[in-house]
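Pasting final-v8.csv here (CSV, C-alpha atoms):
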```
chain,number,residue,atom,x,y,z
A,771,VAL,CA,117.5,91.6,102.5
A,772,LEU,CA,113.8,90.9,103.0
A,773,ASP,CA,114.6,87.5,104.4
A,774,GLU,CA,117.3,88.8,106.7
A,775,GLY,CA,115.5,91.8,108.2
A,776,PHE,CA,112.3,91.4,110.2
A,777,VAL,CA,111.3,94.9,111.1
A,778,CYS,CA,110.2,97.1,108.2
A,779,HIS,CA,109.1,100.7,108.1
A,780,LEU,CA,105.6,101.1,106.6
A,781,GLY,CA,104.9,104.4,105.0
A,782,PHE,CA,101.4,105.6,104.2
A,783,VAL,CA,99.5,108.8,103.7
A,784,VAL,CA,96.9,110.2,106.1
A,785,ASP,CA,95.2,113.5,105.1
A,786,GLY,CA,97.9,114.2,102.6
A,787,ARG,CA,100.7,113.8,105.2
A,788,PRO,CA,103.2,111.0,105.4
A,789,ALA,CA,103.4,108.6,108.3
A,790,VAL,CA,106.1,105.9,108.9
A,791,LEU,CA,105.8,103.1,111.5
A,792,PRO,CA,108.0,100.2,112.3
A,793,THR,CA,106.4,96.8,112.2
A,794,ALA,CA,107.2,93.1,111.8
A,795,TYR,CA,106.7,91.4,108.5
A,796,ALA,CA,107.3,88.2,106.5
A,797,ARG,CA,107.7,87.5,102.9
A,798,VAL,CA,105.6,84.6,101.5
A,799,GLY,CA,106.4,84.0,97.8
A,800,ASP,CA,105.9,87.3,96.0
A,801,HIS,CA,104.1,89.1,98.8
A,802,LEU,CA,105.0,90.9,102.0
A,803,TYR,CA,102.6,90.4,104.9
A,804,LEU,CA,102.4,92.9,107.8
A,805,HIS,CA,100.3,92.5,110.9
A,806,GLY,CA,99.1,94.4,113.9
A,807,ALA,CA,96.1,95.0,116.1
A,808,ALA,CA,92.8,95.2,114.3
A,809,ALA,CA,92.3,98.5,116.0
A,810,ASN,CA,95.6,99.8,114.8
A,811,ALA,CA,94.8,103.0,112.8
A,812,ALA,CA,97.9,102.8,110.8
A,813,LEU,CA,97.2,99.3,109.4
A,814,ARG,CA,93.6,100.3,108.8
A,815,ALA,CA,94.7,103.3,106.8
A,816,ALA,CA,97.2,101.2,104.9
A,817,GLY,CA,94.7,98.5,103.8
A,818,GLY,CA,93.5,99.4,100.3
A,819,ALA,CA,95.9,102.3,100.1
A,820,GLN,CA,99.2,103.1,98.4
A,821,VAL,CA,102.0,102.2,100.8
A,822,CYS,CA,105.8,102.1,100.8
A,823,VAL,CA,107.5,99.4,102.8
A,824,THR,CA,111.3,99.8,103.5
A,825,VAL,CA,113.6,97.3,105.0
A,826,THR,CA,117.1,98.5,106.0
A,827,ILE,CA,119.9,96.4,107.4
A,828,VAL,CA,122.8,98.4,108.8
A,829,ASP,CA,126.1,96.6,108.1
A,830,GLY,CA,128.6,99.2,109.4
A,831,VAL,CA,130.0,102.7,109.5
A,832,VAL,CA,132.4,104.0,107.0
A,833,LEU,CA,135.2,106.4,108.1
A,834,ALA,CA,136.8,108.4,105.3
A,835,ARG,CA,139.6,110.9,105.6
A,836,SER,CA,137.1,113.7,104.7
A,837,ALA,CA,133.8,114.4,106.4
A,838,PHE,CA,132.2,114.4,103.0
A,839,HIS,CA,133.0,110.8,102.2
A,840,HIS,CA,131.8,109.3,105.5
A,841,SER,CA,129.0,106.9,104.9
A,842,ILE,CA,127.1,103.9,106.3
A,843,ASN,CA,127.3,100.4,104.9
A,844,TYR,CA,123.8,99.1,104.5
A,845,ARG,CA,121.4,97.1,102.4
A,846,SER,CA,117.9,98.3,101.9
A,847,VAL,CA,114.8,97.4,99.9
A,848,VAL,CA,111.9,99.7,99.1
A,849,VAL,CA,108.6,98.2,98.0
A,850,PHE,CA,105.8,100.4,96.6
A,851,GLY,CA,102.3,99.3,95.9
A,852,GLU,CA,98.7,99.0,97.0
A,853,ALA,CA,98.2,97.1,100.2
A,854,THR,CA,95.2,94.8,100.7
A,855,THR,CA,93.6,93.8,104.0
A,856,VAL,CA,93.6,90.0,104.2
A,857,GLU,CA,90.1,88.8,104.9
A,858,ASP,CA,90.5,85.1,104.1
A,859,GLU,CA,91.0,83.2,107.3
A,860,ASP,CA,93.4,80.6,106.0
A,861,GLU,CA,95.6,83.2,104.3
A,862,LYS,CA,95.6,85.2,107.5
A,863,ARG,CA,96.7,82.1,109.6
A,864,GLN,CA,99.4,81.3,107.2
A,865,ALA,CA,100.6,84.9,107.2
A,866,LEU,CA,100.7,85.1,111.0
A,867,GLU,CA,102.6,81.8,111.2
A,868,ALA,CA,105.0,83.1,108.5
A,869,ILE,CA,105.7,86.2,110.6
A,870,VAL,CA,106.4,84.3,113.8
A,871,GLU,CA,108.6,81.9,111.8
A,872,HIS,CA,110.4,84.7,110.0
A,873,VAL,CA,111.2,86.6,113.3
A,874,VAL,CA,112.3,83.4,115.1
A,875,PRO,CA,112.9,80.5,112.7
A,876,GLY,CA,111.8,77.2,114.2
A,877,ARG,CA,109.4,78.8,116.6
A,878,ALA,CA,106.0,78.5,114.9
A,879,ALA,CA,105.6,74.7,115.4
A,880,ASP,CA,106.1,75.1,119.2
A,881,VAL,CA,103.4,77.6,120.1
A,882,ARG,CA,99.7,77.7,120.5
A,883,GLY,CA,98.2,79.0,117.2
A,884,PRO,CA,95.7,81.8,117.1
A,885,SER,CA,92.1,81.3,118.3
A,886,ALA,CA,89.2,82.7,116.3
A,887,ALA,CA,89.0,85.6,118.6
A,888,GLU,CA,92.7,86.3,118.3
A,889,LEU,CA,92.4,86.2,114.5
A,890,ARG,CA,89.6,88.7,114.6
A,891,ALA,CA,91.7,91.0,116.8
A,892,THR,CA,94.5,90.9,114.3
A,893,ARG,CA,94.8,92.8,111.0
A,894,VAL,CA,97.0,91.5,108.3
A,895,ILE,CA,97.8,93.4,105.1
A,896,ARG,CA,99.4,92.1,102.0
A,897,LEU,CA,101.6,93.9,99.5
A,898,PRO,CA,102.8,92.4,96.2
A,899,ILE,CA,106.5,92.7,95.6
A,900,VAL,CA,106.3,94.1,92.1
A,901,GLU,CA,107.6,97.6,92.3
A,902,ALA,CA,110.7,97.4,94.4
A,903,SER,CA,114.3,98.7,94.4
A,904,ALA,CA,117.3,97.6,96.4
A,905,LYS,CA,120.4,99.6,97.4
A,906,VAL,CA,123.7,98.4,98.8
A,907,ARG,CA,126.7,100.2,100.1
A,908,ALA,CA,129.6,97.9,101.3
A,909,GLY,CA,133.2,97.9,102.1
A,910,ALA,CA,135.9,100.6,102.4
A,911,PRO,CA,135.6,104.4,102.1
A,912,ILE,CA,136.3,106.0,98.7
A,913,ASP,CA,138.4,109.1,99.4
A,914,ASP,CA,139.5,111.8,97.1
A,915,GLU,CA,143.0,111.1,95.8
A,916,ASP,CA,144.3,114.4,97.4
A,917,ASP,CA,143.2,113.1,100.8
A,918,LEU,CA,144.9,109.7,100.7
A,919,GLY,CA,148.1,111.0,102.2
A,920,LEU,CA,146.4,112.5,105.3
A,921,ALA,CA,147.5,110.9,108.6
A,922,VAL,CA,143.8,110.0,109.4
A,923,TRP,CA,142.7,106.5,109.9
A,924,ALA,CA,140.2,105.3,107.3
A,925,GLY,CA,138.3,102.1,107.0
A,926,HIS,CA,135.0,100.7,108.2
A,927,VAL,CA,133.6,99.2,111.3
A,928,PRO,CA,131.3,96.2,110.6
A,929,LEU,CA,128.0,96.2,112.6
A,930,ALA,CA,125.5,93.5,113.0
A,931,LEU,CA,122.4,92.8,115.2
A,932,ARG,CA,123.6,90.2,117.7
A,933,ALA,CA,121.8,88.3,120.4
A,934,ASP,CA,122.7,88.2,124.1
A,935,GLU,CA,121.7,85.2,126.2
A,936,PRO,CA,117.9,84.4,126.2
A,937,VAL,CA,116.0,85.7,129.3
A,938,ALA,CA,113.4,83.3,130.6
A,939,ALA,CA,109.9,84.7,131.5
A,940,PRO,CA,109.6,85.0,135.3
A,941,ASP,CA,106.5,82.8,135.1
A,942,LEU,CA,108.0,80.1,133.0
A,943,ALA,CA,106.9,76.6,134.0
A,944,ALA,CA,109.6,74.5,135.7
A,945,GLY,CA,111.6,72.1,133.6
A,946,VAL,CA,111.2,73.8,130.2
A,947,ASP,CA,114.5,74.1,128.4
A,948,VAL,CA,115.6,76.9,126.2
A,949,PRO,CA,115.1,75.8,122.6
A,950,ALA,CA,118.1,75.8,120.3
A,951,TYR,CA,116.5,78.5,118.1
A,952,ALA,CA,116.4,80.9,121.0
A,953,ARG,CA,119.8,79.9,122.4
A,954,SER,CA,121.7,80.4,119.2
A,955,TYR,CA,119.5,83.2,117.8
A,956,ARG,CA,121.7,85.5,115.6
A,957,SER,CA,124.9,84.3,117.3
A,958,ALA,CA,128.1,85.9,116.2
A,959,ALA,CA,129.2,82.5,114.8
A,960,GLU,CA,126.5,81.9,112.3
A,961,GLY,CA,125.0,85.3,111.5
A,962,ARG,CA,121.3,84.3,111.0
B,657,VAL,CA,116.3,107.0,121.2
B,658,LEU,CA,117.2,109.8,118.8
B,659,ASP,CA,120.7,110.0,120.3
B,660,GLU,CA,121.3,106.2,120.3
B,661,GLY,CA,120.0,105.5,116.7
B,662,PHE,CA,121.8,107.0,113.7
B,663,VAL,CA,119.7,105.8,110.8
B,664,CYS,CA,116.2,107.1,110.4
B,665,HIS,CA,113.5,106.4,107.9
B,666,LEU,CA,112.3,109.5,106.2
B,667,GLY,CA,108.8,109.4,104.9
B,668,PHE,CA,107.4,111.9,102.4
B,669,VAL,CA,104.7,112.2,99.8
B,670,VAL,CA,105.4,112.3,96.0
B,671,ASP,CA,102.4,112.6,93.7
B,672,GLY,CA,100.1,111.6,96.5
B,673,ARG,CA,102.1,108.4,97.2
B,674,PRO,CA,104.2,107.6,100.2
B,675,ALA,CA,108.0,107.0,100.0
B,676,VAL,CA,110.2,105.9,102.8
B,677,LEU,CA,114.0,106.1,102.6
B,678,PRO,CA,116.7,105.3,105.2
B,679,THR,CA,119.2,108.0,105.9
B,680,ALA,CA,121.7,109.2,108.6
B,681,TYR,CA,120.7,112.0,110.9
B,682,ALA,CA,121.7,114.0,114.0
B,683,ARG,CA,119.8,115.8,116.6
B,684,VAL,CA,121.0,119.4,117.4
B,685,GLY,CA,119.0,120.9,120.2
B,686,ASP,CA,115.4,120.8,119.2
B,687,HIS,CA,116.0,119.9,115.5
B,688,LEU,CA,116.8,116.9,113.5
B,689,TYR,CA,119.2,117.3,110.6
B,690,LEU,CA,119.3,114.9,107.6
B,691,HIS,CA,121.6,115.1,104.7
B,692,GLY,CA,122.3,113.6,101.3
B,693,ALA,CA,123.4,114.4,97.8
B,694,ALA,CA,122.1,117.7,96.5
B,695,ALA,CA,120.8,115.8,93.5
B,696,ASN,CA,118.9,113.4,95.7
B,697,ALA,CA,115.3,113.6,94.6
B,698,ALA,CA,114.0,112.4,97.9
B,699,LEU,CA,115.7,115.1,100.0
B,700,ARG,CA,114.7,117.7,97.4
B,701,ALA,CA,111.1,116.6,97.6
B,702,ALA,CA,111.3,116.6,101.4
B,703,GLY,CA,112.6,120.2,101.7
B,704,GLY,CA,109.6,122.5,102.4
B,705,ALA,CA,107.2,119.5,102.6
B,706,GLN,CA,105.5,117.6,105.3
B,707,VAL,CA,107.7,114.7,106.4
B,708,CYS,CA,107.7,111.9,109.0
B,709,VAL,CA,111.0,110.8,110.4
B,710,THR,CA,111.0,107.5,112.4
B,711,VAL,CA,113.9,106.1,114.4
B,712,THR,CA,113.6,102.5,115.6
B,713,ILE,CA,116.0,100.6,117.8
B,714,VAL,CA,115.3,96.9,118.0
B,715,ASP,CA,116.1,95.5,121.4
B,716,GLY,CA,115.0,91.9,121.1
B,717,VAL,CA,112.5,89.3,120.2
B,718,VAL,CA,109.7,88.2,122.5
B,719,LEU,CA,108.7,84.6,122.6
B,720,ALA,CA,105.3,83.9,124.1
B,721,ARG,CA,103.5,80.6,124.6
B,722,SER,CA,100.9,81.7,122.0
B,723,ALA,CA,101.7,82.9,118.5
B,724,PHE,CA,99.4,85.9,119.2
B,725,HIS,CA,101.5,87.3,122.0
B,726,HIS,CA,104.8,87.1,120.2
B,727,SER,CA,106.3,90.5,119.9
B,728,ILE,CA,109.5,92.6,119.4
B,729,ASN,CA,111.2,94.7,122.0
B,730,TYR,CA,111.9,98.0,120.5
B,731,ARG,CA,112.1,101.7,121.1
B,732,SER,CA,110.9,104.1,118.4
B,733,VAL,CA,110.3,107.8,117.9
B,734,VAL,CA,108.2,109.3,115.2
B,735,VAL,CA,108.6,113.0,114.4
B,736,PHE,CA,106.1,114.8,112.1
B,737,GLY,CA,106.5,118.2,110.6
B,738,GLU,CA,107.6,120.5,107.8
B,739,ALA,CA,111.2,120.0,106.7
B,740,THR,CA,113.2,123.0,105.6
B,741,THR,CA,116.2,122.9,103.3
B,742,VAL,CA,119.1,124.5,105.1
B,743,GLU,CA,120.7,127.3,103.0
B,744,ASP,CA,122.9,129.0,105.6
B,745,GLU,CA,126.4,127.8,105.1
B,746,ASP,CA,127.4,127.9,108.8
B,747,GLU,CA,124.3,126.0,109.9
B,748,LYS,CA,125.0,123.5,107.1
B,749,ARG,CA,128.6,123.0,108.2
B,750,GLN,CA,127.5,122.5,111.8
B,751,ALA,CA,124.8,120.0,110.8
B,752,LEU,CA,127.2,118.0,108.7
B,753,GLU,CA,129.7,117.9,111.5
B,754,ALA,CA,127.0,116.9,114.0
B,755,ILE,CA,126.0,114.0,111.7
B,756,VAL,CA,129.6,112.7,111.4
B,757,GLU,CA,130.0,113.1,115.2
B,758,HIS,CA,126.6,111.4,115.9
B,759,VAL,CA,127.4,108.4,113.8
B,760,VAL,CA,131.0,108.0,115.1
B,761,PRO,CA,131.4,110.0,118.3
B,762,GLY,CA,134.9,111.5,118.4
B,763,ARG,CA,135.4,111.4,114.7
B,764,ALA,CA,134.6,114.9,113.5
B,765,ALA,CA,137.8,116.6,114.9
B,766,ASP,CA,140.1,114.2,113.0
B,767,VAL,CA,138.8,114.6,109.5
B,768,ARG,CA,139.1,117.1,106.7
B,769,GLY,CA,136.0,119.3,106.8
B,770,PRO,CA,133.8,120.0,103.7
B,771,SER,CA,135.1,122.2,100.9
B,772,ALA,CA,132.8,124.8,99.4
B,773,ALA,CA,132.2,122.5,96.4
B,774,GLU,CA,131.4,119.6,98.8
B,775,LEU,CA,129.0,121.8,100.7
B,776,ARG,CA,127.2,122.8,97.4
B,777,ALA,CA,127.0,119.1,96.5
B,778,THR,CA,125.2,118.3,99.8
B,779,ARG,CA,121.7,119.0,100.8
B,780,VAL,CA,120.8,119.3,104.4
B,781,ILE,CA,117.2,119.4,105.7
B,782,ARG,CA,116.0,120.4,109.1
B,783,LEU,CA,113.0,119.2,111.0
B,784,PRO,CA,111.8,120.7,114.3
B,785,ILE,CA,111.2,118.1,117.0
B,786,VAL,CA,107.7,119.5,118.1
B,787,GLU,CA,105.2,116.9,117.0
B,788,ALA,CA,106.7,113.6,118.1
B,789,SER,CA,105.7,110.4,119.8
B,790,ALA,CA,107.7,107.6,121.3
B,791,LYS,CA,106.9,103.9,121.9
B,792,VAL,CA,108.7,101.3,123.9
B,793,ARG,CA,108.1,97.6,124.4
B,794,ALA,CA,110.5,95.9,126.8
B,795,GLY,CA,111.0,92.7,128.8
B,796,ALA,CA,109.1,89.5,129.1
B,797,PRO,CA,106.1,88.2,127.1
B,798,ILE,CA,102.7,88.7,128.5
B,799,ASP,CA,100.8,85.4,128.0
B,800,ASP,CA,97.2,84.5,128.6
B,801,GLU,CA,96.7,82.9,132.0
B,802,ASP,CA,95.3,79.8,130.4
B,803,ASP,CA,98.6,79.4,128.5
B,804,LEU,CA,101.0,79.7,131.4
B,805,GLY,CA,101.0,75.9,132.1
B,806,LEU,CA,102.0,75.0,128.5
B,807,ALA,CA,105.4,73.3,128.3
B,808,VAL,CA,106.6,75.9,125.8
B,809,TRP,CA,109.7,78.0,126.6
B,810,ALA,CA,108.8,81.7,126.9
B,811,GLY,CA,111.0,84.7,127.4
B,812,HIS,CA,112.9,87.2,125.3
B,813,VAL,CA,116.2,87.3,123.4
B,814,PRO,CA,118.0,90.6,123.7
B,815,LEU,CA,119.4,92.1,120.5
B,816,ALA,CA,121.8,94.9,120.0
B,817,LEU,CA,123.8,96.4,117.1
B,818,ARG,CA,127.4,95.3,117.9
B,819,ALA,CA,130.6,96.1,116.2
B,820,ASP,CA,133.2,93.7,114.9
B,821,GLU,CA,136.9,94.6,114.5
B,822,PRO,CA,137.6,97.7,112.4
B,823,VAL,CA,138.7,97.0,108.9
B,824,ALA,CA,141.4,99.4,107.6
B,825,ALA,CA,141.0,100.8,104.1
B,826,PRO,CA,143.3,99.0,101.6
B,827,ASP,CA,144.9,102.4,100.7
B,828,LEU,CA,145.5,103.5,104.3
B,829,ALA,CA,148.8,105.4,104.8
B,830,ALA,CA,151.5,103.4,106.7
B,831,GLY,CA,151.8,104.0,110.5
B,832,VAL,CA,148.2,105.3,111.1
B,833,ASP,CA,146.8,103.7,114.2
B,834,VAL,CA,143.1,102.7,114.6
B,835,PRO,CA,141.6,105.5,116.8
B,836,ALA,CA,139.9,104.4,120.1
B,837,TYR,CA,136.5,105.5,118.9
B,838,ALA,CA,136.7,103.0,116.0
B,839,ARG,CA,138.3,100.2,118.0
B,840,SER,CA,135.7,100.4,120.8
B,841,TYR,CA,132.7,101.4,118.6
B,842,ARG,CA,129.5,99.9,120.1
B,843,SER,CA,131.4,97.2,121.9
B,844,ALA,CA,129.5,94.7,123.9
B,845,ALA,CA,131.0,96.1,127.1
B,846,GLU,CA,129.9,99.6,126.9
B,847,GLY,CA,126.8,99.7,124.6
B,848,ARG,CA,127.3,103.1,123.0
```
What is this structure when it is put down as structure tokens?
Amino acid sequence: VLDEGFVCHLGFVVDGRPAVLPTAYARVGDHLYLHGAAANAALRAAGGAQVCVTVTIVDGVVLARSAFHHSINYRSVVVFGEATTVEDEDEKRQALEAIVEHVVPGRAADVRGPSAAELRATRVIRLPIVEASAKVRAGAPIDDEDDLGLAVWAGHVPLALRADEPVAAPDLAAGVDVPAYARSYRSAAEGR
Amino acid sequence: VLDEGFVCHLGFVVDGRPAVLPTAYARVGDHLYLHGAAANAALRAAGGAQVCVTVTIVDGVVLARSAFHHSINYRSVVVFGEATTVEDEDEKRQALEAIVEHVVPGRAADVRGPSAAELRATRVIRLPIVEASAKVRAGAPIDDEDDLGLAVWAGHVPLALRADEPVAAPDLAAGVDVPAYARSYRSAAEGR
């Protein structure tokens, strides 16, 4: 789940109140890395604090004969722990490269890496994957036996995040082809 | 965004630590309604407490010439406030119907509504949409001028949650057709 998703929801506490923000991430070994602008108040608050990072992949909607047994097919992972701001420059570079590569596999080698100024402008936090739990709901609805005879369609509709055709930047230099990793990104044929 | 998404991430605080869980929701007027099992510890903790509900729709990945300017196209809404457990039976019924209808528009009228026992087994919480903020990132990458000449493809790949063919429950009664709302659920042609 952590390798298939690429947007997580980062939960943290500010003045005793919860806050939840979406952000990109990557897993490197036994750690999750999240990044954002150095000025980002959320990431600043999360560094050195208890956080909860949740990744959810929606796989479909489940239509039962009764309202009560309707559901959503999904996979989710919840990771709790203390996040640490990454100060080491090499670790920071590796984390940022991992995030680019995680969101668009094959991309990192093609692009200009971060300058020293860009590194300073970026905050990276690290969370160990130690206290984590996963949940999965898949497949058909589970209806009450008394409802099975109802003339109501029941089943599930699979859902997946699919890519449309890549859209070139308006200022793209002439003669640059669309790379395969963008052309076939999350195509229906291959999943990811 | 609240009307297009149907899975939110509910953030709350337990013993001073943040927790973030995915759950279905619906908007009814100026309120969000979330539901789950009455025994669900998360929803029980959230009732009467400060929560943060975040809905994120991923619209694509953004490929810049530099690693630094890579991004994700998304729309998100963050709602903060005090959640209330819904005790009124009519409001609870309406909220549950709204959630079914929100996840699968057209479905609620076809199914058996909740029994008194099912209502008791379900917890519904309500959150006023008062303190909320929205964020949107869309379109092409924004690269540094110095990078525009690089022979690196730049642009974005649109993403959307798309449905595959409905899958009938193995115990579906004979002669029950797939309803239109399941057959054309989030088809590529119509979006939602």
Selection near Pro784 (chain B), 9 Å with all atoms listed in the file, sequence-local residues under 4 positions removed, as a list of chain:residue names:
B:Asp686, B:His687, B:Leu688, B:Tyr689, B:Val735, B:Phe736, B:Gly737, B:Glu738, B:Ala739
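For the pair CA of Ala695 (chain B) and CA of Ile827 (chain A), the interatomic distance is 23.9 Å.
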Residues near Arg932 (chain A), cut-off 6 Å, all atoms listed in the file, skip fewer than 5 positions along chain, as a list of chain:residue names
A:Arg956, B:Leu815, B:Ala816
Same residues, C-alpha atoms, output as a compact mmCIF listing (two decimals), in the frame of the given file:
```txt
# COMPACT_ATOMS: atom_id res chain seq x y z
CA ARG A 956 121.70 85.50 115.60
CA LEU B 815 119.40 92.10 120.50
CA ALA B 816 121.80 94.90 120.00
```
Exercise answer, chain B residues close to chain A, 6 Å and only C-alpha atoms, as JSON, numbers by chain
{"B": [667, 668, 669, 674, 675, 676, 707, 708, 721, 722, 723, 724, 767, 768, 769, 770, 796, 809, 810, 811, 812, 813, 814, 815, 816, 817, 818, 819, 820, 822, 823, 824, 825, 832]}
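When CA of Thr855 (chain A) is paired with CA of Ala808 (chain A), their separation reads 10.4 Å.
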CA of Gly818 (chain A) to CA of Ala902 (chain A), distance in Å rounded to a single decimal:
18.3 Å
Just add all heavy atoms to region 774-782 of chain A and send it as a CSV table (one decimal), in the coordinates of the input.
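The result, stored in part-v8.csv:
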```
chain,number,residue,atom,x,y,z
A,774,GLU,N,116.4,88.6,105.6
A,774,GLU,CA,117.3,88.8,106.7
A,774,GLU,C,116.7,89.7,107.8
A,774,GLU,O,116.8,89.6,109.0
A,774,GLU,CB,118.7,89.3,106.3
A,774,GLU,CG,119.7,89.3,107.4
A,774,GLU,CD,121.1,89.6,107.0
A,774,GLU,OE1,121.4,89.3,105.8
A,774,GLU,OE2,121.8,90.2,107.8
A,775,GLY,N,116.1,90.8,107.3
A,775,GLY,CA,115.5,91.8,108.2
A,775,GLY,C,114.2,91.2,108.7
A,775,GLY,O,113.6,90.2,108.2
A,776,PHE,N,113.7,91.8,109.8
A,776,PHE,CA,112.3,91.4,110.2
A,776,PHE,C,111.5,92.5,110.7
A,776,PHE,O,110.3,92.4,111.0
A,776,PHE,CB,112.4,90.2,111.3
A,776,PHE,CG,113.1,90.5,112.5
A,776,PHE,CD1,112.5,91.2,113.6
A,776,PHE,CD2,114.4,90.1,112.7
A,776,PHE,CE1,113.2,91.5,114.7
A,776,PHE,CE2,115.1,90.4,113.9
A,776,PHE,CZ,114.5,91.1,114.9
A,777,VAL,N,112.1,93.7,110.8
A,777,VAL,CA,111.3,94.9,111.1
A,777,VAL,C,111.4,95.8,109.8
A,777,VAL,O,112.5,96.1,109.3
A,777,VAL,CB,111.9,95.7,112.3
A,777,VAL,CG1,111.2,97.0,112.5
A,777,VAL,CG2,111.7,94.9,113.6
A,778,CYS,N,110.2,96.2,109.3
A,778,CYS,CA,110.2,97.1,108.2
A,778,CYS,C,109.6,98.4,108.7
A,778,CYS,O,109.1,98.6,109.8
A,778,CYS,CB,109.3,96.5,107.1
A,778,CYS,SG,107.5,96.4,107.5
A,779,HIS,N,109.7,99.4,107.8
A,779,HIS,CA,109.1,100.7,108.1
A,779,HIS,C,108.0,100.9,107.0
A,779,HIS,O,108.3,101.0,105.8
A,779,HIS,CB,110.1,101.9,108.1
A,779,HIS,CG,110.9,101.9,109.3
A,779,HIS,ND1,111.9,101.1,109.6
A,779,HIS,CD2,110.7,102.7,110.5
A,779,HIS,CE1,112.4,101.3,110.9
A,779,HIS,NE2,111.7,102.3,111.4
A,780,LEU,N,106.8,101.0,107.5
A,780,LEU,CA,105.6,101.1,106.6
A,780,LEU,C,105.2,102.6,106.5
A,780,LEU,O,105.0,103.2,107.5
A,780,LEU,CB,104.4,100.3,107.3
A,780,LEU,CG,103.0,100.6,106.7
A,780,LEU,CD1,102.9,100.1,105.3
A,780,LEU,CD2,102.0,100.0,107.6
A,781,GLY,N,105.3,103.0,105.3
A,781,GLY,CA,104.9,104.4,105.0
A,781,GLY,C,103.5,104.5,104.3
A,781,GLY,O,103.2,103.7,103.5
A,782,PHE,N,102.7,105.4,104.8
A,782,PHE,CA,101.4,105.6,104.2
A,782,PHE,C,101.0,107.1,104.3
A,782,PHE,O,101.7,107.8,105.0
A,782,PHE,CB,100.3,104.6,104.8
A,782,PHE,CG,100.3,104.8,106.3
A,782,PHE,CD1,99.3,105.5,106.9
A,782,PHE,CD2,101.2,104.1,107.1
A,782,PHE,CE1,99.2,105.6,108.3
A,782,PHE,CE2,101.2,104.2,108.5
A,782,PHE,CZ,100.2,105.0,109.1
```
